[in-house]
Protein chains: 2
Amino acid sequence: MKVVLSTRNAHKLQEVQRILAAEAVAGVEVVGLDGFDVPEVVEDGVSFAENALLKAEAAARATGLPAIADDSGIAVDALNGMPGIFSARWAGTHGDDQANLDLLLAQVADVPDARRGASFVCAAALVRPDGSRHVEEGVVRGTLLRARRGEGGFGYDPVFVPEGHELSTAEMSPAAKDAISHRGRAFRALSGALRTLARS
Amino acid sequence: MKVVLSTRNAHKLQEVQRILAAEAVAGVEVVGLDGFDVPEVVEDGVSFAENALLKAEAAARATGLPAIADDSGIAVDALNGMPGIFSARWAGTHGDDQANLDLLLAQVADVPDARRGASFVCAAALVRPDGSRHVEEGVVRGTLLRARRGEGGFGYDPVFVPEGHELSTAEMSPAAKDAISHRGRAFRALSGALRTLARS
């Protein structure tokens, strides 16, 4: 069964494919939006879950396939949980990881170490061909660094150290990151529903 | 009695002088930091009130004069109250009004009109020569526009329309703005303490 992941972010596609492959979700092939004509989605939901559903619904409608989507971001305590759902466009234009990260670090430059708590949050949505919907949320707590560390991952990975760990999520191996990450947690929680769908 | 306002922002100095003059706080002359050697303040408080006190204390210590300070900003509902205390450095460098405003509008470009509520918040602090402290907070509710309107005021004035009004705070006359503004409310609330100090 083909399942379309509603993203044009190659990093995200690779990461979700990897997470679901490790879960051994048999009979499910996750493909990206390449080759499909899916209109741009206005992500104007008020939560990660709403935005993930908006994206999954748009892909399901345009492709006729079961669709999954990820909406995720970093919620910084000192910024009342922002960038949050605005993480991907924090610097004003969508998907400029470097600008988003530079801006966030500059905004909280004066925030002391003791107040640099943050969460990575991911909502993973599934929209089935019959229109029914399912969302799971994954969260990992951690600390916001003052400068980048590591070359792996994407987005805010280089400035986030998960609680109980020493490495940033950009310094971890993919498997180590997936085991604890917000995205790993959210998509593993969704894997049961995908298995059921593949069997039906 | 000279009172020093702990700011290097000429707009803010002018506005506070105007507000207190309209209150007819007799015997109080509000001066800026020009000519005083006041070290740069690290504004690492967690609230407008804390930051206003940090600034007033630094000015009182360095000048030996009674000192007042303003910490203020815009709290946007859709951003969980941010930029908030980070308003003046929202785009990453301190005091770049144009960059701050452009960034904020870009971040919430997809937020629909019904969810564009916001507040202007101002904390006005007084630190007396004996070290005693006083803070008042003023708030005005309103709506965040999608583009600038008006040439008056400063900061986020061109994109904020107070509740019950049609004009942005940059389109209002100074007197009309002061009558309802967060800064007007905060400094009028502080004027009694200033009068008492001037009499003592």
# chains A, B, ... in the order shown; residues from 1 in each chain; ligands from 1
call {"tool": "interface_residues", "arguments": {"of": "chain A", "to": "chain B", "cutoff": "6 Å", "atoms": "only C-alpha atoms", "output": "PyMOL selection string"}}
result
chain A and resi 44+80+90+92+103+106-107+110-111
call {"tool": "residues_around", "arguments": {"residues": "B:Leu190", "least_positions_apart": "6", "cutoff": "12 Å", "atoms": "only C-alpha atoms", "output": "VMD selection string"}}
result
chain B and resid 16 19 to 20 23 25 68 to 70 122 to 127 133 to 138 183 to 184 196 to 197
call {"tool": "residues_around", "arguments": {"residues": "B:Ser6", "least_positions_apart": "6", "cutoff": "7 Å", "atoms": "only C-alpha atoms", "output": "list in words"}}
result
Gly32, Leu33, Lys55, Ala56, Ala59, Ala67, Ile68 and Ala69 of chain B
call {"tool": "residues_around", "arguments": {"residues": "A:Asp157", "least_positions_apart": "3", "cutoff": "7 Å", "atoms": "only C-alpha atoms", "output": "JSON list (two decimals) with all heavy atoms, in the first residue's frame"}}
result
[["chain", "number", "residue", "atom", "x", "y", "z"],
["A", 153, "GLY", "N", 20.68, 15.71, 11.15],
["A", 153, "GLY", "CA", 19.33, 16.23, 11.32],
["A", 153, "GLY", "C", 19.03, 17.43, 10.45],
["A", 153, "GLY", "O", 19.67, 17.66, 9.42],
["A", 154, "PHE", "N", 18.04, 18.23, 10.89],
["A", 154, "PHE", "CA", 17.67, 19.44, 10.16],
["A", 154, "PHE", "C", 16.90, 20.34, 11.12],
["A", 154, "PHE", "O", 16.76, 20.00, 12.30],
["A", 154, "PHE", "CB", 16.85, 19.10, 8.90],
["A", 154, "PHE", "CG", 15.53, 18.43, 9.17],
["A", 154, "PHE", "CD1", 14.34, 19.15, 9.09],
["A", 154, "PHE", "CD2", 15.46, 17.09, 9.52],
["A", 154, "PHE", "CE1", 13.11, 18.53, 9.34],
["A", 154, "PHE", "CE2", 14.23, 16.47, 9.78],
["A", 154, "PHE", "CZ", 13.07, 17.19, 9.68],
["A", 160, "PHE", "N", 19.51, 21.82, 20.12],
["A", 160, "PHE", "CA", 18.62, 21.18, 21.10],
["A", 160, "PHE", "C", 19.30, 19.95, 21.68],
["A", 160, "PHE", "O", 19.69, 19.05, 20.94],
["A", 160, "PHE", "CB", 17.31, 20.79, 20.42],
["A", 160, "PHE", "CG", 16.28, 20.19, 21.35],
["A", 160, "PHE", "CD1", 15.46, 21.01, 22.12],
["A", 160, "PHE", "CD2", 16.13, 18.81, 21.47],
["A", 160, "PHE", "CE1", 14.50, 20.46, 22.97],
["A", 160, "PHE", "CE2", 15.18, 18.25, 22.32],
["A", 160, "PHE", "CZ", 14.37, 19.08, 23.08],
["A", 168, "SER", "N", 23.66, 17.05, 21.12],
["A", 168, "SER", "CA", 22.53, 17.69, 20.46],
["A", 168, "SER", "C", 21.88, 16.68, 19.51],
["A", 168, "SER", "O", 22.52, 15.67, 19.14],
["A", 168, "SER", "CB", 22.98, 18.92, 19.66],
["A", 168, "SER", "OG", 23.54, 18.52, 18.42],
["A", 169, "THR", "N", 20.66, 16.92, 19.11],
["A", 169, "THR", "CA", 20.00, 15.97, 18.20],
["A", 169, "THR", "C", 20.66, 15.98, 16.82],
["A", 169, "THR", "O", 20.40, 15.09, 16.01],
["A", 169, "THR", "CB", 18.49, 16.28, 18.09],
["A", 169, "THR", "OG1", 18.27, 17.68, 18.04],
["A", 169, "THR", "CG2", 17.74, 15.71, 19.29],
["A", 170, "ALA", "N", 21.52, 16.97, 16.54],
["A", 170, "ALA", "CA", 22.29, 16.96, 15.29],
["A", 170, "ALA", "C", 23.60, 16.21, 15.44],
["A", 170, "ALA", "O", 24.28, 15.93, 14.44],
["A", 170, "ALA", "CB", 22.58, 18.39, 14.83]]
